[in-house]
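Okay, query-v3.txt now, which holds compact mmCIF, N, CA and C atoms:
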```txt
# COMPACT_ATOMS: atom_id res chain seq x y z
N MET A 1 -12.21 -13.46 -36.21
CA MET A 1 -12.51 -14.29 -35.06
C MET A 1 -11.25 -14.61 -34.26
N ASN A 2 -10.17 -14.84 -34.96
CA ASN A 2 -8.90 -15.16 -34.30
C ASN A 2 -8.41 -13.98 -33.47
N ARG A 3 -8.59 -12.78 -33.99
CA ARG A 3 -8.18 -11.57 -33.27
C ARG A 3 -8.99 -11.41 -31.98
N GLU A 4 -10.28 -11.70 -32.02
CA GLU A 4 -11.11 -11.59 -30.82
C GLU A 4 -10.67 -12.58 -29.75
N LYS A 5 -10.33 -13.80 -30.16
CA LYS A 5 -9.84 -14.79 -29.21
C LYS A 5 -8.53 -14.34 -28.59
N HIS A 6 -7.68 -13.75 -29.41
CA HIS A 6 -6.38 -13.27 -28.92
C HIS A 6 -6.58 -12.17 -27.88
N LEU A 7 -7.48 -11.22 -28.16
CA LEU A 7 -7.75 -10.14 -27.21
C LEU A 7 -8.39 -10.67 -25.94
N TYR A 8 -9.30 -11.64 -26.08
CA TYR A 8 -9.93 -12.24 -24.91
C TYR A 8 -8.89 -12.94 -24.04
N LEU A 9 -7.99 -13.68 -24.66
CA LEU A 9 -6.94 -14.38 -23.92
C LEU A 9 -6.01 -13.38 -23.23
N LYS A 10 -5.67 -12.31 -23.93
CA LYS A 10 -4.81 -11.29 -23.35
C LYS A 10 -5.48 -10.64 -22.14
N TYR A 11 -6.77 -10.33 -22.24
CA TYR A 11 -7.51 -9.75 -21.13
C TYR A 11 -7.58 -10.73 -19.96
N PHE A 12 -7.85 -11.99 -20.22
CA PHE A 12 -7.92 -13.01 -19.18
C PHE A 12 -6.57 -13.14 -18.46
N LEU A 13 -5.48 -13.16 -19.21
CA LEU A 13 -4.17 -13.28 -18.60
C LEU A 13 -3.85 -12.06 -17.74
N PHE A 14 -4.26 -10.88 -18.20
CA PHE A 14 -4.04 -9.67 -17.41
C PHE A 14 -4.80 -9.76 -16.09
N LEU A 15 -6.08 -10.16 -16.13
CA LEU A 15 -6.86 -10.29 -14.90
C LEU A 15 -6.27 -11.33 -13.97
N PHE A 16 -5.86 -12.47 -14.53
CA PHE A 16 -5.25 -13.52 -13.72
C PHE A 16 -3.98 -13.00 -13.05
N TYR A 17 -3.15 -12.30 -13.81
CA TYR A 17 -1.90 -11.75 -13.27
C TYR A 17 -2.20 -10.77 -12.14
N PHE A 18 -3.18 -9.88 -12.33
CA PHE A 18 -3.51 -8.88 -11.33
C PHE A 18 -4.04 -9.53 -10.06
N ILE A 19 -4.99 -10.45 -10.19
CA ILE A 19 -5.58 -11.10 -9.02
C ILE A 19 -4.54 -11.97 -8.32
N PHE A 20 -3.75 -12.71 -9.10
CA PHE A 20 -2.73 -13.59 -8.51
C PHE A 20 -1.70 -12.79 -7.74
N ASN A 21 -1.24 -11.68 -8.28
CA ASN A 21 -0.24 -10.87 -7.59
C ASN A 21 -0.79 -10.27 -6.30
N ASN A 22 -2.03 -9.79 -6.31
CA ASN A 22 -2.61 -9.25 -5.09
C ASN A 22 -2.76 -10.33 -4.02
N CYS A 23 -3.18 -11.53 -4.42
CA CYS A 23 -3.32 -12.62 -3.46
C CYS A 23 -1.96 -13.03 -2.91
N ILE A 24 -0.95 -13.09 -3.77
CA ILE A 24 0.39 -13.46 -3.32
C ILE A 24 0.90 -12.44 -2.31
N ASP A 25 0.65 -11.16 -2.54
CA ASP A 25 1.09 -10.14 -1.60
C ASP A 25 0.46 -10.34 -0.22
N VAL A 26 -0.84 -10.62 -0.19
CA VAL A 26 -1.52 -10.82 1.08
C VAL A 26 -1.03 -12.09 1.75
N PHE A 27 -0.92 -13.19 1.00
CA PHE A 27 -0.48 -14.45 1.59
C PHE A 27 0.96 -14.37 2.07
N THR A 28 1.81 -13.65 1.36
CA THR A 28 3.20 -13.51 1.79
C THR A 28 3.27 -12.78 3.11
N MET A 29 2.48 -11.73 3.26
CA MET A 29 2.53 -10.94 4.49
C MET A 29 1.87 -11.66 5.67
N LYS A 30 1.03 -12.65 5.41
CA LYS A 30 0.38 -13.38 6.51
C LYS A 30 1.22 -14.53 7.04
N ARG A 31 2.36 -14.80 6.43
CA ARG A 31 3.21 -15.89 6.93
C ARG A 31 3.72 -15.56 8.32
N PRO A 32 3.65 -16.50 9.27
CA PRO A 32 4.09 -16.19 10.64
C PRO A 32 5.60 -16.05 10.78
N ASP A 33 6.37 -16.63 9.86
CA ASP A 33 7.83 -16.59 9.99
C ASP A 33 8.49 -15.56 9.08
N ILE A 34 7.74 -14.57 8.64
CA ILE A 34 8.29 -13.56 7.73
C ILE A 34 9.28 -12.68 8.50
N ASP A 35 10.35 -12.30 7.82
CA ASP A 35 11.35 -11.46 8.48
C ASP A 35 11.34 -10.05 7.88
N GLY A 36 12.15 -9.18 8.45
CA GLY A 36 12.16 -7.77 8.04
C GLY A 36 12.55 -7.56 6.59
N TRP A 37 13.47 -8.37 6.09
CA TRP A 37 13.90 -8.21 4.70
C TRP A 37 12.76 -8.52 3.75
N GLU A 38 12.00 -9.59 4.03
CA GLU A 38 10.89 -9.95 3.15
C GLU A 38 9.78 -8.89 3.20
N ILE A 39 9.56 -8.31 4.37
CA ILE A 39 8.56 -7.25 4.46
C ILE A 39 8.99 -6.05 3.62
N ARG A 40 10.25 -5.66 3.73
CA ARG A 40 10.75 -4.53 2.94
C ARG A 40 10.70 -4.83 1.45
N LYS A 41 11.01 -6.05 1.06
CA LYS A 41 10.94 -6.43 -0.36
C LYS A 41 9.49 -6.37 -0.84
N GLY A 42 8.54 -6.86 0.00
CA GLY A 42 7.13 -6.78 -0.37
C GLY A 42 6.65 -5.36 -0.50
N ILE A 43 7.09 -4.50 0.41
CA ILE A 43 6.72 -3.08 0.33
C ILE A 43 7.28 -2.46 -0.95
N ASN A 44 8.52 -2.76 -1.25
CA ASN A 44 9.15 -2.22 -2.45
C ASN A 44 8.42 -2.70 -3.70
N ASP A 45 8.09 -3.99 -3.76
CA ASP A 45 7.37 -4.52 -4.93
C ASP A 45 6.00 -3.87 -5.06
N LEU A 46 5.29 -3.71 -3.94
CA LEU A 46 3.97 -3.09 -3.99
C LEU A 46 4.05 -1.62 -4.39
N HIS A 47 5.08 -0.94 -3.88
CA HIS A 47 5.18 0.49 -4.16
C HIS A 47 5.49 0.77 -5.62
N TRP A 48 6.21 -0.12 -6.26
CA TRP A 48 6.57 0.12 -7.66
C TRP A 48 5.48 -0.27 -8.63
N LYS A 49 4.43 -0.93 -8.16
CA LYS A 49 3.29 -1.20 -9.03
C LYS A 49 2.52 0.10 -9.21
N ASP A 50 1.87 0.22 -10.33
CA ASP A 50 1.15 1.46 -10.63
C ASP A 50 -0.27 1.38 -10.07
N LEU A 51 -0.37 1.21 -8.75
CA LEU A 51 -1.67 1.15 -8.11
C LEU A 51 -1.52 1.51 -6.64
N ILE A 52 -2.62 1.86 -6.04
CA ILE A 52 -2.65 2.10 -4.60
C ILE A 52 -3.21 0.82 -3.99
N PRO A 53 -2.51 0.22 -3.02
CA PRO A 53 -2.96 -1.07 -2.50
C PRO A 53 -4.32 -0.99 -1.81
N GLU A 54 -5.02 -2.11 -1.86
CA GLU A 54 -6.31 -2.20 -1.18
C GLU A 54 -6.10 -2.17 0.33
N PRO A 55 -7.13 -1.81 1.08
CA PRO A 55 -6.99 -1.80 2.54
C PRO A 55 -6.61 -3.15 3.13
N LYS A 56 -7.08 -4.27 2.53
CA LYS A 56 -6.73 -5.58 3.09
C LYS A 56 -5.24 -5.87 2.92
N ILE A 57 -4.64 -5.37 1.85
CA ILE A 57 -3.20 -5.56 1.66
C ILE A 57 -2.43 -4.69 2.65
N ILE A 58 -2.89 -3.46 2.85
CA ILE A 58 -2.24 -2.57 3.82
C ILE A 58 -2.34 -3.16 5.22
N CYS A 59 -3.51 -3.70 5.57
CA CYS A 59 -3.69 -4.30 6.91
C CYS A 59 -2.78 -5.51 7.09
N ALA A 60 -2.65 -6.35 6.05
CA ALA A 60 -1.76 -7.52 6.15
C ALA A 60 -0.32 -7.07 6.34
N LEU A 61 0.07 -6.02 5.66
CA LEU A 61 1.43 -5.53 5.79
C LEU A 61 1.68 -4.92 7.16
N LEU A 62 0.70 -4.19 7.69
CA LEU A 62 0.85 -3.61 9.03
C LEU A 62 0.94 -4.70 10.09
N LYS A 63 0.18 -5.77 9.92
CA LYS A 63 0.25 -6.89 10.87
C LYS A 63 1.61 -7.57 10.80
N ALA A 64 2.16 -7.68 9.59
CA ALA A 64 3.49 -8.27 9.45
C ALA A 64 4.54 -7.39 10.12
N CYS A 65 4.40 -6.08 9.98
CA CYS A 65 5.33 -5.16 10.66
C CYS A 65 5.22 -5.30 12.17
N ARG A 66 4.01 -5.45 12.67
CA ARG A 66 3.82 -5.57 14.12
C ARG A 66 4.38 -6.90 14.63
N ARG A 67 4.24 -7.99 13.84
CA ARG A 67 4.80 -9.27 14.25
C ARG A 67 6.31 -9.19 14.39
N ASN A 68 6.93 -8.35 13.58
CA ASN A 68 8.38 -8.16 13.66
C ASN A 68 8.76 -7.02 14.59
N ASN A 69 7.78 -6.43 15.25
CA ASN A 69 8.01 -5.33 16.19
C ASN A 69 8.73 -4.17 15.51
N ASP A 70 8.27 -3.80 14.33
CA ASP A 70 8.90 -2.75 13.54
C ASP A 70 7.89 -1.62 13.31
N HIS A 71 7.67 -0.83 14.33
CA HIS A 71 6.70 0.27 14.27
C HIS A 71 7.12 1.32 13.26
N SER A 72 8.42 1.59 13.19
CA SER A 72 8.88 2.65 12.28
C SER A 72 8.63 2.29 10.82
N LEU A 73 8.79 1.03 10.47
CA LEU A 73 8.53 0.61 9.09
C LEU A 73 7.05 0.77 8.76
N ALA A 74 6.17 0.46 9.70
CA ALA A 74 4.73 0.62 9.47
C ALA A 74 4.37 2.08 9.23
N VAL A 75 4.96 2.98 10.03
CA VAL A 75 4.66 4.41 9.88
C VAL A 75 5.22 4.93 8.55
N ARG A 76 6.42 4.51 8.21
CA ARG A 76 7.01 4.95 6.93
C ARG A 76 6.21 4.42 5.74
N TYR A 77 5.67 3.21 5.88
CA TYR A 77 4.85 2.68 4.79
C TYR A 77 3.56 3.50 4.65
N LEU A 78 2.98 3.88 5.77
CA LEU A 78 1.79 4.72 5.70
C LEU A 78 2.10 6.08 5.06
N GLU A 79 3.30 6.59 5.34
CA GLU A 79 3.72 7.84 4.67
C GLU A 79 3.80 7.65 3.16
N ALA A 80 4.36 6.53 2.73
CA ALA A 80 4.49 6.26 1.29
C ALA A 80 3.12 6.10 0.65
N VAL A 81 2.21 5.42 1.33
CA VAL A 81 0.85 5.26 0.79
C VAL A 81 0.16 6.61 0.70
N ARG A 82 0.37 7.46 1.71
CA ARG A 82 -0.25 8.78 1.68
C ARG A 82 0.28 9.60 0.49
N HIS A 83 1.57 9.56 0.29
CA HIS A 83 2.16 10.30 -0.82
C HIS A 83 1.62 9.79 -2.16
N LYS A 84 1.54 8.47 -2.30
CA LYS A 84 1.06 7.89 -3.55
C LYS A 84 -0.42 8.21 -3.76
N ALA A 85 -1.22 8.16 -2.69
CA ALA A 85 -2.65 8.42 -2.82
C ALA A 85 -2.93 9.91 -3.08
N ASP A 86 -2.17 10.79 -2.43
CA ASP A 86 -2.40 12.22 -2.61
C ASP A 86 -2.01 12.71 -3.99
N CYS A 87 -1.08 12.01 -4.63
CA CYS A 87 -0.71 12.39 -6.00
C CYS A 87 -1.86 12.15 -6.96
N CYS A 88 -2.67 11.12 -6.69
CA CYS A 88 -3.78 10.78 -7.59
C CYS A 88 -5.04 11.56 -7.27
N ASN A 89 -5.46 11.47 -6.02
CA ASN A 89 -6.73 12.07 -5.62
C ASN A 89 -6.69 12.30 -4.12
N LYS A 90 -7.05 13.47 -3.68
CA LYS A 90 -6.97 13.84 -2.26
C LYS A 90 -8.01 13.11 -1.40
N GLU A 91 -9.00 12.46 -2.01
CA GLU A 91 -10.04 11.79 -1.25
C GLU A 91 -9.69 10.33 -0.93
N ILE A 92 -8.67 9.79 -1.54
CA ILE A 92 -8.36 8.37 -1.36
C ILE A 92 -7.75 8.09 0.00
N TYR A 93 -6.80 8.91 0.45
CA TYR A 93 -6.10 8.63 1.71
C TYR A 93 -7.04 8.69 2.92
N PRO A 94 -7.93 9.68 3.03
CA PRO A 94 -8.87 9.63 4.17
C PRO A 94 -9.76 8.37 4.15
N TRP A 95 -10.15 7.93 2.96
CA TRP A 95 -10.94 6.70 2.86
C TRP A 95 -10.11 5.49 3.30
N LEU A 96 -8.84 5.43 2.86
CA LEU A 96 -7.97 4.33 3.29
C LEU A 96 -7.79 4.32 4.80
N LEU A 97 -7.57 5.50 5.39
CA LEU A 97 -7.43 5.57 6.85
C LEU A 97 -8.70 5.11 7.56
N GLN A 98 -9.84 5.47 7.02
CA GLN A 98 -11.11 5.05 7.60
C GLN A 98 -11.23 3.52 7.56
N GLU A 99 -10.78 2.91 6.47
CA GLU A 99 -10.89 1.47 6.32
C GLU A 99 -9.89 0.71 7.20
N ILE A 100 -8.69 1.26 7.39
CA ILE A 100 -7.66 0.53 8.16
C ILE A 100 -7.60 0.98 9.62
N LYS A 101 -8.45 1.93 10.02
CA LYS A 101 -8.42 2.44 11.39
C LYS A 101 -8.61 1.36 12.45
N PRO A 102 -9.54 0.39 12.28
CA PRO A 102 -9.65 -0.67 13.29
C PRO A 102 -8.35 -1.47 13.44
N THR A 103 -7.66 -1.73 12.34
CA THR A 103 -6.40 -2.46 12.41
C THR A 103 -5.33 -1.62 13.09
N LEU A 104 -5.29 -0.34 12.79
CA LEU A 104 -4.32 0.54 13.44
C LEU A 104 -4.56 0.59 14.95
N ASP A 105 -5.81 0.67 15.35
CA ASP A 105 -6.13 0.69 16.78
C ASP A 105 -5.79 -0.64 17.46
N GLU A 106 -6.09 -1.73 16.76
CA GLU A 106 -5.81 -3.06 17.31
C GLU A 106 -4.31 -3.28 17.52
N LEU A 107 -3.51 -2.81 16.57
CA LEU A 107 -2.06 -3.04 16.63
C LEU A 107 -1.32 -1.95 17.39
N GLY A 108 -1.97 -0.83 17.66
CA GLY A 108 -1.31 0.27 18.36
C GLY A 108 -0.33 1.03 17.50
N ILE A 109 -0.62 1.13 16.22
CA ILE A 109 0.25 1.84 15.28
C ILE A 109 -0.30 3.24 15.07
N SER A 110 0.56 4.23 15.17
CA SER A 110 0.16 5.63 14.98
C SER A 110 0.27 6.01 13.51
N THR A 111 -0.57 6.93 13.08
CA THR A 111 -0.46 7.44 11.72
C THR A 111 0.61 8.53 11.69
N PRO A 112 1.16 8.83 10.52
CA PRO A 112 2.15 9.91 10.44
C PRO A 112 1.60 11.26 10.92
N THR A 113 0.31 11.50 10.71
CA THR A 113 -0.30 12.75 11.16
C THR A 113 -0.32 12.82 12.68
N GLU A 114 -0.64 11.71 13.34
CA GLU A 114 -0.66 11.69 14.80
C GLU A 114 0.74 11.93 15.39
N LEU A 115 1.76 11.51 14.67
CA LEU A 115 3.13 11.68 15.14
C LEU A 115 3.74 13.02 14.72
N GLY A 116 3.02 13.77 13.88
CA GLY A 116 3.51 15.07 13.44
C GLY A 116 4.44 15.00 12.25
N TYR A 117 4.42 13.87 11.53
CA TYR A 117 5.29 13.72 10.36
C TYR A 117 4.67 14.26 9.08
N ASP A 118 3.47 14.80 9.18
CA ASP A 118 2.82 15.32 7.97
C ASP A 118 3.36 16.68 7.57
N GLU A 119 4.08 17.34 8.48
CA GLU A 119 4.64 18.66 8.20
C GLU A 119 6.07 18.71 8.75
N PRO A 120 7.00 19.29 8.01
CA PRO A 120 8.37 19.38 8.52
C PRO A 120 8.43 20.16 9.83
N GLU A 121 9.43 19.85 10.63
CA GLU A 121 9.53 20.45 11.96
C GLU A 121 9.76 21.96 11.90
N PHE A 122 10.62 22.39 11.01
CA PHE A 122 10.95 23.81 10.92
C PHE A 122 10.39 24.41 9.64
N SER A 123 9.13 24.13 9.36
CA SER A 123 8.54 24.61 8.11
C SER A 123 8.13 26.07 8.27
N LEU A 124 8.24 26.78 7.18
CA LEU A 124 7.79 28.17 7.11
C LEU A 124 6.43 28.20 6.41
N PRO A 125 5.64 29.20 6.68
CA PRO A 125 4.35 29.29 5.97
C PRO A 125 4.59 29.48 4.47
N ASP A 126 3.69 28.92 3.70
CA ASP A 126 3.78 29.02 2.25
C ASP A 126 3.51 30.46 1.84
N PRO A 127 4.46 31.11 1.15
CA PRO A 127 4.25 32.53 0.79
C PRO A 127 3.11 32.74 -0.18
N TYR A 128 2.71 31.69 -0.90
CA TYR A 128 1.61 31.83 -1.87
C TYR A 128 0.26 31.74 -1.19
N GLU A 129 0.24 31.30 0.06
CA GLU A 129 -1.04 31.19 0.77
C GLU A 129 -1.25 32.33 1.76
N LEU A 130 -0.32 33.27 1.88
CA LEU A 130 -0.46 34.39 2.81
C LEU A 130 -1.41 35.43 2.31
```
Show how you would write the structure in this file as structure tokens.
Amino acid sequence: MNREKHLYLKYFLFLFYFIFNNCIDVFTMKRPDIDGWEIRKGINDLHWKDLIPEPKIICALLKACRRNNDHSLAVRYLEAVRHKADCCNKEIYPWLLQEIKPTLDELGISTPTELGYDEPEFSLPDPYEL
């Protein structure tokens, strides 16, 4: 019985930690006085977690980038999310784009694909696909 209580407590603490951290990330990015350093620190902390952020977290981060007038940081963050999502499953990134598209349109932020950053400028065709 004691072991079951210990496992239950461990599971509860894990859920609390996960939910609390996601809420803190969103609340931190919604602060009106956030500066560029805090946005970069939040991006770094989110990127090192072993998860792909939810669309609401990505939208909060994009809004924080727009408040600081940092379009390049928003595009680079979308590149990082794309890389992280494509490593796991190729279907995740199109779904994420579909979910955050209204926010991207509202803020006037371009995706890396729209800017041509999805492929190197002087890329050669893949010899294995010829």
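The residue that comes closest to Leu51 of chain A, out of A:Leu78, A:Leu97, A:Leu73, A:Cys87 and on the basis of only C-alpha atoms, is A:Cys87.
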- Task: Check the smallest atom-to-atom distance from each of A:Glu129, A:Glu79, A:Asp35, A:Asp45 to Thr113 of chain A using all atoms listed in the file, then report the winner.
- Result: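 Answer, going by the shortest atom-to-atom distance: A:Glu79.
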- Task: Would you please work out which residue, of A:Val81, A:Arg31, A:Cys65, A:Asp70, is nearest to Ile52 of chain A when using only N, CA and C atoms?
- Result: A:Val81
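Proximity ranking of A:Pro55, A:Arg66, A:Ile34, A:Lys41 relative to Gln98 of chain A places A:Pro55 first, based on only C-alpha atoms.
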- What is the distance between atom CA of Pro53 of chain A and atom CA of Ala74 of chain A, in Å to one decimal? 14.3 Å
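Our summary of the geometry notes that atom N of Pro120 of chain A is positioned 16.6 Å from atom N of Val75 of chain A.
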